[in-house]
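Colleague: Quick one: structure below, then a few questions.
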There are 2 protein chains.
Amino acid sequence: MAAKDGSSFRMSALPAIIIAQLLGIAAITLTLVWLLHLREGVALDSGNSQKLFNAHPLLMLLGLILCGGEAIMAYKTVPGTRRTKKFVHMLLHLLALAFGGLGLYAIFKFQRDLDDPDMRTLHSWLGMGTICLYALQWVIAFFSFIFPGTTYSMRANMKPWHAFFGAVIFLMAICSAETGLVQKFIFVGREGLLINFIGITILLYGIFTILSVILPRPYEN
Amino acid sequence: MAAKDGSSFRMSALPAIIIAQLLGIAAITLTLVWLLHLREGVALDSGNSQKLFNAHPLLMLLGLILCGGEAIMAYKTVPGTRRTKKFVHMLLHLLALAFGGLGLYAIFKFQRDLDDPDMRTLHSWLGMGTICLYALQWVIAFFSFIFPGTTYSMRANMKPWHAFFGAVIFLMAICSAETGLVQKFIFVGREGLLINFIGITILLYGIFTILSVILPRPYEN
């Protein structure tokens with residue numbers, strides 16, 4: 001089947017948006033409980049290298065996944081003109097990239113402090129691929145859709161590809177998060193359970209975010 | 001954006017289908033090199049527990065990912081009537097489930113032989129979730145679309161959801177594969193590189209499979 005119009009689902013995006021928001025809140029809450037309560041906390045500038053390490057999953061979740069997901073949903077969740085929605089979409093993706101950059105800094109500094117070699121694991125390849133494509137997509141979209149902007153017919157041609165690659169990069173971020181959780185944390189008791197639930201919550205957040213994009217606005221029904 | 005018709009991409013599915021097939025061949029080739037050449041080989045019934053363990057990634061790749069992906073693409077790749085395409089789609093998914101069941105048997109037997117507790121890691125949760133949803137989706141689809149089948153209007157209502165959940169379950173299988181590769185194999189030299197490339201190839205196979213579903217048939221242009 002070629003992609004059908006969202007209206008063929010006979011349901012509006014509203015329930016998916018609400019569930020995605022609840023899952024986003026659950027993911028960040030579980031992650032904070034994990035890092036602050038079961039681990040030593042989070043810091044970018046500290047003698048405790050564990051705090052530096054912990055900054056990596058927190059910043060990546062806040063950035064590429066939560067800000068990224070909210071940016072994707074902004075066209076449905078932000079009130080106002082199309083111009084406003086587009087501006088919030090662009091700004092949230094920029095914020096996502098800023099968090100992502102800090103998250104990269106944290107993990108590279110942690111590895112350097114430990115004299116560990118960088119970029120060897122599948123998680124590091126997936127993660128680096130994700131953030132590079134994310135930045136590339138942002139830059140191309142900024143110059144095409146915002147400033148200076150291309151012709152209307154070029155934008156119309158680019159839009160489905162922008163949306164498709166956006167979904168791919170977002171799902172790559174989810175996949176990077178899952179591999180990161182699995183790679184570093186061998187199962188131990190309550191912490192293991194918590195980490196599994198963080199992984200499931202992040203995955204479901206991704207699924208409902210994409211669903212909310214596919215489904216039509218309520219008033220389009 | 002609500003999902004646009006595939007024709008707005010202004011490209012046919014043919015290049016995506018060809019690339020997906022090449023990536024599928026690459027993924028199975030790399031995996032066979034890994035398991036047969038760098039590891040001890042594969043067996044379901046052997047005194048060597050490593051061979052039993054190795055059967056798990058091979059069967060899961062053959063099943064939920066490769067047969068699953070080919071089943072998804074069958075509507076575009078199989079010649080003949082819609083009835084033929086649908087039958088091949090159903091049969092390939094059944095084959096995927098059969099491989100998946102054997103893959104589960106292999107890993108549970110391996111864990112039992114080692115007296116390891118089951119179902120503790122995020123990979124095991126993701127993987128078990130995937131195969132259960134896969135089986136559920138197959139059963140629901142079989143009774144709705146094939147035998148005895150529901151009314152035409154019910155089928156039309158179900159079809160977009162069947163396609164959406166199909167894509168979700170397929171991407172969950174990809175994500176399970178990535179976490180499985182990362183969980184068990186700490187980076188070591190050539191084998192580590194090979195495993196990273198297997199992971200990247202599987203991810204790209206998933207992306208091009210979904211793309212080939214979204215893009216229209218050549219003659220629809």
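Residue names in the structure tokens use chain letters A, B, ... in the order shown, residue numbers from 1 in each chain, and ligand numbers from 1 in the order shown.
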Distance limit 7 Å, atoms considered: only C-alpha atoms. Which chain B residues sit that close to chain A? Return them as a PyMOL selection string.
Modeller: chain B and resi 1-6+8-9+120-122+157+160-161+175+178-179+182-183+187+196+199+213-216
Colleague: Give the helix (DSSP H, G or I) residues of range 25-197 of chain B, as assigned by DSSP on the backbone, as number ranges by chain.
Modeller: B: 25-38, 49-77, 82-114, 122-146, 152-184, 189-197
Colleague: If you keep C-alpha atoms, can you produce a file of those selected residues as a compact mmCIF listing (two decimals), in the first residue's frame?
Modeller:
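As a result, result.txt now contains:
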# COMPACT_ATOMS: atom_id res chain seq x y z
CA ILE B 25 21.74 -9.92 1.19
CA ALA B 26 24.54 -7.95 2.87
CA ALA B 27 23.03 -8.46 6.34
CA ILE B 28 22.68 -12.23 5.99
CA THR B 29 26.14 -12.55 4.38
CA LEU B 30 27.87 -10.58 7.16
CA THR B 31 25.97 -12.58 9.79
CA LEU B 32 27.00 -15.91 8.22
CA VAL B 33 30.64 -14.76 8.02
CA TRP B 34 30.41 -13.78 11.67
CA LEU B 35 28.74 -16.97 12.97
CA LEU B 36 30.44 -19.56 10.71
CA HIS B 37 33.88 -18.01 10.29
CA LEU B 38 34.60 -16.02 13.49
CA SER B 49 26.16 -24.49 23.73
CA GLN B 50 27.84 -21.72 21.71
CA LYS B 51 26.37 -23.20 18.50
CA LEU B 52 22.94 -23.18 20.11
CA PHE B 53 23.40 -19.57 21.16
CA ASN B 54 24.53 -18.61 17.64
CA ALA B 55 21.34 -20.07 16.18
CA HIS B 56 19.38 -17.30 17.97
CA PRO B 57 20.66 -14.24 16.03
CA LEU B 58 20.66 -16.16 12.72
CA LEU B 59 17.06 -17.39 13.07
CA MET B 60 15.80 -14.01 14.27
CA LEU B 61 17.48 -12.22 11.35
CA LEU B 62 16.12 -14.77 8.84
CA GLY B 63 12.68 -14.63 10.39
CA LEU B 64 11.30 -11.44 11.86
CA ILE B 65 13.63 -9.17 9.89
CA LEU B 66 14.29 -10.70 6.44
CA CYS B 67 11.10 -12.76 5.90
CA GLY B 68 9.17 -9.99 7.68
CA GLY B 69 10.66 -7.32 5.43
CA GLU B 70 10.05 -9.35 2.27
CA ALA B 71 6.46 -9.99 3.40
CA ILE B 72 5.98 -6.23 3.86
CA MET B 73 7.38 -5.55 0.38
CA ALA B 74 5.47 -8.45 -1.24
CA TYR B 75 2.63 -6.18 -2.42
CA LYS B 76 5.21 -4.34 -4.56
CA THR B 77 7.60 -7.17 -5.48
CA ARG B 82 -3.74 -8.96 -5.63
CA ARG B 83 -4.87 -12.34 -4.29
CA THR B 84 -1.43 -13.86 -5.05
CA LYS B 85 0.41 -10.93 -3.42
CA LYS B 86 -1.78 -11.22 -0.32
CA PHE B 87 -1.18 -14.96 -0.09
CA VAL B 88 2.63 -14.54 -0.37
CA HIS B 89 2.46 -11.70 2.21
CA MET B 90 0.62 -13.98 4.65
CA LEU B 91 2.87 -16.97 3.99
CA LEU B 92 6.13 -15.03 4.40
CA HIS B 93 4.89 -13.63 7.72
CA LEU B 94 4.04 -17.17 8.84
CA LEU B 95 7.55 -18.30 7.86
CA ALA B 96 8.95 -15.32 9.79
CA LEU B 97 7.01 -16.45 12.87
CA ALA B 98 8.25 -20.04 12.45
CA PHE B 99 11.89 -18.87 12.34
CA GLY B 100 11.16 -16.56 15.27
CA GLY B 101 9.73 -19.44 17.30
CA LEU B 102 12.84 -21.55 16.62
CA GLY B 103 15.01 -18.56 17.54
CA LEU B 104 13.18 -18.26 20.86
CA TYR B 105 13.59 -22.00 21.45
CA ALA B 106 17.35 -21.69 20.85
CA ILE B 107 17.88 -18.88 23.33
CA PHE B 108 15.60 -20.34 26.04
CA LYS B 109 17.36 -23.73 25.74
CA PHE B 110 20.75 -21.99 25.92
CA GLN B 111 19.70 -20.09 29.06
CA ARG B 112 18.27 -23.24 30.63
CA ASP B 113 21.49 -25.17 29.96
CA LEU B 114 23.39 -22.36 31.70
CA LEU B 122 15.70 -4.85 28.01
CA HIS B 123 16.63 -6.85 24.89
CA SER B 124 14.56 -9.81 26.10
CA TRP B 125 11.59 -7.55 26.88
CA LEU B 126 11.77 -5.81 23.50
CA GLY B 127 12.24 -9.08 21.66
CA MET B 128 9.44 -10.93 23.44
CA GLY B 129 7.13 -7.93 23.01
CA THR B 130 7.92 -7.92 19.31
CA ILE B 131 7.25 -11.60 18.67
CA CYS B 132 4.03 -11.61 20.73
CA LEU B 133 2.68 -8.58 18.86
CA TYR B 134 3.83 -10.17 15.58
CA ALA B 135 1.84 -13.34 16.29
CA LEU B 136 -1.19 -11.34 17.47
CA GLN B 137 -1.12 -9.15 14.35
CA TRP B 138 -0.86 -12.26 12.14
CA VAL B 139 -3.80 -14.01 13.79
CA ILE B 140 -6.04 -10.92 13.72
CA ALA B 141 -5.11 -10.24 10.09
CA PHE B 142 -5.67 -13.86 9.06
CA PHE B 143 -9.20 -13.98 10.46
CA SER B 144 -10.04 -10.47 9.23
CA PHE B 145 -8.55 -10.40 5.73
CA ILE B 146 -8.36 -14.09 4.74
CA TYR B 152 -15.40 -4.98 3.01
CA SER B 153 -16.08 -1.81 5.00
CA MET B 154 -14.53 -3.32 8.14
CA ARG B 155 -11.47 -4.37 6.13
CA ALA B 156 -11.13 -0.86 4.73
CA ASN B 157 -11.25 0.53 8.27
CA MET B 158 -8.69 -1.96 9.56
CA LYS B 159 -6.22 -1.68 6.69
CA PRO B 160 -4.42 1.55 7.71
CA TRP B 161 -4.10 0.26 11.29
CA HIS B 162 -2.82 -3.10 10.04
CA ALA B 163 -0.17 -1.27 7.99
CA PHE B 164 0.76 1.10 10.84
CA PHE B 165 1.11 -1.65 13.45
CA GLY B 166 2.93 -3.78 10.90
CA ALA B 167 5.53 -1.03 10.46
CA VAL B 168 5.77 -0.55 14.25
CA ILE B 169 6.30 -4.28 14.91
CA PHE B 170 8.86 -4.52 12.09
CA LEU B 171 10.78 -1.53 13.50
CA MET B 172 10.56 -3.10 16.99
CA ALA B 173 12.22 -6.22 15.51
CA ILE B 174 15.01 -4.00 14.12
CA CYS B 175 15.40 -2.35 17.53
CA SER B 176 15.49 -5.76 19.26
CA ALA B 177 18.24 -6.88 16.86
CA GLU B 178 20.32 -3.77 17.61
CA THR B 179 19.97 -4.20 21.38
CA GLY B 180 20.79 -7.91 21.05
CA LEU B 181 23.98 -7.19 19.10
CA VAL B 182 25.03 -4.54 21.62
CA GLN B 183 24.13 -6.51 24.73
CA LYS B 184 26.10 -9.65 24.09
CA GLY B 189 38.83 -6.01 17.04
CA ARG B 190 37.58 -7.41 13.71
CA GLU B 191 34.58 -9.16 15.23
CA GLY B 192 33.46 -5.91 16.84
CA LEU B 193 33.68 -4.10 13.52
CA LEU B 194 31.75 -6.88 11.78
CA ILE B 195 28.99 -6.74 14.40
CA ASN B 196 28.74 -2.94 14.05
CA PHE B 197 28.37 -3.33 10.28
Colleague: What's the separation between CA of Gly24 in chain B and CA of Glu40 in chain B, in Å to one decimal place?
Modeller: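 CA of Glu40 in chain B lies at a distance of 23.0 Å from CA of Gly24 in chain B.
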Colleague: Write out the coordinates of chain A as a compact mmCIF listing (two decimals) with C-alpha atoms, in the first residue's frame after a least-squares overlay onto chain B built on all ordered Cα pairs.
Modeller:
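selection_34.txt was written with the following content:
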# COMPACT_ATOMS: atom_id res chain seq x y z
CA MET A 1 1.44 17.06 8.44
CA ALA A 2 -1.00 14.19 8.02
CA ALA A 3 0.42 11.34 5.92
CA LYS A 4 0.47 12.40 2.30
CA ASP A 5 -0.16 10.09 -0.60
CA GLY A 6 3.08 8.37 -1.66
CA SER A 7 2.96 10.12 -5.04
CA SER A 8 3.95 13.42 -3.39
CA PHE A 9 7.47 11.96 -3.09
CA ARG A 10 7.76 12.11 -6.90
CA MET A 11 9.76 8.89 -7.02
CA SER A 12 8.75 5.27 -7.55
CA ALA A 13 9.44 2.48 -5.06
CA LEU A 14 11.77 0.63 -7.43
CA PRO A 15 15.15 2.07 -6.27
CA ALA A 16 14.16 1.59 -2.60
CA ILE A 17 13.15 -2.04 -3.28
CA ILE A 18 16.45 -2.79 -5.04
CA ILE A 19 18.52 -1.16 -2.27
CA ALA A 20 16.54 -3.03 0.41
CA GLN A 21 17.21 -6.38 -1.33
CA LEU A 22 20.94 -5.63 -1.57
CA LEU A 23 21.01 -4.63 2.13
CA GLY A 24 19.15 -7.83 3.07
CA ILE A 25 21.74 -9.92 1.20
CA ALA A 26 24.55 -7.95 2.87
CA ALA A 27 23.04 -8.45 6.35
CA ILE A 28 22.68 -12.23 5.99
CA THR A 29 26.14 -12.55 4.39
CA LEU A 30 27.86 -10.58 7.16
CA THR A 31 25.97 -12.58 9.79
CA LEU A 32 27.02 -15.90 8.23
CA VAL A 33 30.65 -14.76 8.02
CA TRP A 34 30.42 -13.78 11.68
CA LEU A 35 28.75 -16.97 12.98
CA LEU A 36 30.46 -19.55 10.73
CA HIS A 37 33.88 -18.00 10.29
CA LEU A 38 34.60 -16.00 13.48
CA ARG A 39 32.37 -18.08 15.81
CA GLU A 40 31.92 -21.85 16.05
CA GLY A 41 28.95 -22.16 13.71
CA VAL A 42 25.27 -22.79 14.25
CA ALA A 43 23.27 -25.81 15.49
CA LEU A 44 19.96 -26.32 17.28
CA ASP A 45 20.88 -29.76 18.61
CA SER A 46 24.49 -29.90 19.67
CA GLY A 47 26.61 -30.45 22.77
CA ASN A 48 28.33 -27.12 22.00
CA SER A 49 26.17 -24.52 23.72
CA GLN A 50 27.83 -21.72 21.69
CA LYS A 51 26.37 -23.21 18.48
CA LEU A 52 22.94 -23.19 20.12
CA PHE A 53 23.42 -19.57 21.15
CA ASN A 54 24.54 -18.62 17.63
CA ALA A 55 21.33 -20.08 16.19
CA HIS A 56 19.39 -17.31 17.97
CA PRO A 57 20.65 -14.24 16.02
CA LEU A 58 20.67 -16.17 12.71
CA LEU A 59 17.06 -17.39 13.07
CA MET A 60 15.80 -14.01 14.25
CA LEU A 61 17.47 -12.22 11.34
CA LEU A 62 16.13 -14.78 8.83
CA GLY A 63 12.68 -14.65 10.39
CA LEU A 64 11.30 -11.45 11.86
CA ILE A 65 13.63 -9.18 9.90
CA LEU A 66 14.28 -10.68 6.44
CA CYS A 67 11.10 -12.77 5.91
CA GLY A 68 9.16 -10.02 7.69
CA GLY A 69 10.65 -7.32 5.43
CA GLU A 70 10.04 -9.36 2.26
CA ALA A 71 6.46 -9.99 3.41
CA ILE A 72 5.97 -6.25 3.86
CA MET A 73 7.38 -5.56 0.38
CA ALA A 74 5.47 -8.46 -1.24
CA TYR A 75 2.62 -6.19 -2.42
CA LYS A 76 5.18 -4.35 -4.56
CA THR A 77 7.60 -7.18 -5.46
CA VAL A 78 5.39 -10.22 -6.18
CA PRO A 79 3.91 -10.34 -9.69
CA GLY A 80 0.35 -11.50 -10.31
CA THR A 81 -3.07 -10.73 -8.93
CA ARG A 82 -3.76 -8.98 -5.65
CA ARG A 83 -4.88 -12.37 -4.29
CA THR A 84 -1.44 -13.86 -5.04
CA LYS A 85 0.39 -10.94 -3.42
CA LYS A 86 -1.80 -11.22 -0.32
CA PHE A 87 -1.18 -14.97 -0.10
CA VAL A 88 2.62 -14.54 -0.37
CA HIS A 89 2.46 -11.69 2.21
CA MET A 90 0.61 -13.98 4.66
CA LEU A 91 2.87 -16.99 3.99
CA LEU A 92 6.13 -15.03 4.41
CA HIS A 93 4.89 -13.62 7.73
CA LEU A 94 4.03 -17.18 8.85
CA LEU A 95 7.55 -18.30 7.86
CA ALA A 96 8.94 -15.31 9.80
CA LEU A 97 7.01 -16.45 12.88
CA ALA A 98 8.26 -20.05 12.46
CA PHE A 99 11.90 -18.86 12.34
CA GLY A 100 11.16 -16.56 15.28
CA GLY A 101 9.72 -19.45 17.30
CA LEU A 102 12.83 -21.55 16.62
CA GLY A 103 15.03 -18.57 17.55
CA LEU A 104 13.17 -18.27 20.87
CA TYR A 105 13.58 -22.01 21.46
CA ALA A 106 17.36 -21.70 20.85
CA ILE A 107 17.88 -18.90 23.33
CA PHE A 108 15.61 -20.33 26.04
CA LYS A 109 17.36 -23.74 25.74
CA PHE A 110 20.75 -21.99 25.91
CA GLN A 111 19.70 -20.09 29.05
CA ARG A 112 18.27 -23.24 30.65
CA ASP A 113 21.49 -25.18 29.95
CA LEU A 114 23.40 -22.37 31.70
CA ASP A 115 20.84 -22.07 34.54
CA ASP A 116 20.56 -18.36 33.67
CA PRO A 117 17.32 -16.58 34.61
CA ASP A 118 15.13 -15.66 31.61
CA MET A 119 13.53 -12.38 30.53
CA ARG A 120 15.51 -9.94 32.63
CA THR A 121 17.20 -7.65 30.08
CA LEU A 122 15.69 -4.84 28.00
CA HIS A 123 16.63 -6.85 24.89
CA SER A 124 14.56 -9.81 26.10
CA TRP A 125 11.59 -7.55 26.87
CA LEU A 126 11.75 -5.80 23.50
CA GLY A 127 12.23 -9.09 21.65
CA MET A 128 9.44 -10.93 23.46
CA GLY A 129 7.12 -7.94 23.03
CA THR A 130 7.92 -7.91 19.31
CA ILE A 131 7.25 -11.60 18.69
CA CYS A 132 4.03 -11.61 20.74
CA LEU A 133 2.67 -8.57 18.87
CA TYR A 134 3.83 -10.15 15.58
CA ALA A 135 1.85 -13.32 16.30
CA LEU A 136 -1.19 -11.34 17.48
CA GLN A 137 -1.11 -9.15 14.36
CA TRP A 138 -0.86 -12.25 12.15
CA VAL A 139 -3.81 -14.01 13.80
CA ILE A 140 -6.04 -10.92 13.73
CA ALA A 141 -5.12 -10.24 10.09
CA PHE A 142 -5.67 -13.87 9.07
CA PHE A 143 -9.20 -13.99 10.47
CA SER A 144 -10.05 -10.47 9.23
CA PHE A 145 -8.56 -10.40 5.74
CA ILE A 146 -8.35 -14.10 4.74
CA PHE A 147 -10.56 -16.62 6.53
CA PRO A 148 -13.41 -16.22 7.24
CA GLY A 149 -12.81 -12.51 6.55
CA THR A 150 -14.85 -9.52 7.63
CA THR A 151 -17.05 -7.20 5.59
CA TYR A 152 -15.39 -4.96 3.00
CA SER A 153 -16.07 -1.80 4.98
CA MET A 154 -14.53 -3.32 8.13
CA ARG A 155 -11.47 -4.37 6.13
CA ALA A 156 -11.12 -0.86 4.73
CA ASN A 157 -11.26 0.53 8.28
CA MET A 158 -8.70 -1.97 9.54
CA LYS A 159 -6.22 -1.68 6.69
CA PRO A 160 -4.42 1.56 7.70
CA TRP A 161 -4.11 0.26 11.28
CA HIS A 162 -2.81 -3.09 10.04
CA ALA A 163 -0.17 -1.26 7.99
CA PHE A 164 0.76 1.10 10.84
CA PHE A 165 1.10 -1.64 13.46
CA GLY A 166 2.93 -3.79 10.90
CA ALA A 167 5.53 -1.03 10.47
CA VAL A 168 5.76 -0.54 14.25
CA ILE A 169 6.29 -4.28 14.92
CA PHE A 170 8.86 -4.52 12.10
CA LEU A 171 10.78 -1.52 13.50
CA MET A 172 10.56 -3.09 16.99
CA ALA A 173 12.21 -6.21 15.51
CA ILE A 174 15.02 -4.00 14.12
CA CYS A 175 15.39 -2.33 17.54
CA SER A 176 15.48 -5.75 19.25
CA ALA A 177 18.22 -6.87 16.87
CA GLU A 178 20.32 -3.76 17.61
CA THR A 179 19.96 -4.19 21.39
CA GLY A 180 20.77 -7.91 21.04
CA LEU A 181 23.97 -7.18 19.10
CA VAL A 182 25.02 -4.53 21.62
CA GLN A 183 24.12 -6.51 24.73
CA LYS A 184 26.09 -9.65 24.08
CA PHE A 185 29.13 -8.47 22.18
CA ILE A 186 31.62 -6.23 23.85
CA PHE A 187 33.80 -4.65 21.18
CA VAL A 188 36.78 -6.77 20.16
CA GLY A 189 38.84 -6.03 17.05
CA ARG A 190 37.58 -7.40 13.71
CA GLU A 191 34.58 -9.15 15.22
CA GLY A 192 33.46 -5.90 16.85
CA LEU A 193 33.68 -4.08 13.53
CA LEU A 194 31.76 -6.87 11.78
CA ILE A 195 29.00 -6.74 14.40
CA ASN A 196 28.74 -2.94 14.05
CA PHE A 197 28.36 -3.33 10.28
CA ILE A 198 25.69 -6.02 10.75
CA GLY A 199 23.80 -3.59 12.99
CA ILE A 200 24.04 -0.72 10.49
CA THR A 201 23.03 -2.98 7.58
CA ILE A 202 19.96 -4.26 9.46
CA LEU A 203 18.93 -0.69 10.34
CA LEU A 204 19.26 0.47 6.71
CA TYR A 205 17.33 -2.60 5.50
CA GLY A 206 14.51 -1.55 7.81
CA ILE A 207 14.55 2.06 6.59
CA PHE A 208 14.51 1.14 2.89
CA THR A 209 11.80 -1.49 3.44
CA ILE A 210 9.50 1.10 5.01
CA LEU A 211 10.40 3.63 2.28
CA SER A 212 9.52 1.11 -0.44
CA VAL A 213 6.09 0.70 1.17
CA ILE A 214 5.45 4.46 1.23
CA LEU A 215 6.60 5.13 -2.34
CA PRO A 216 4.19 4.32 -5.18
CA ARG A 217 4.56 1.60 -7.80
CA PRO A 218 6.33 2.81 -10.97
CA TYR A 219 3.15 2.68 -13.09
CA GLU A 220 1.24 4.72 -10.55
CA ASN A 221 3.36 7.77 -11.38
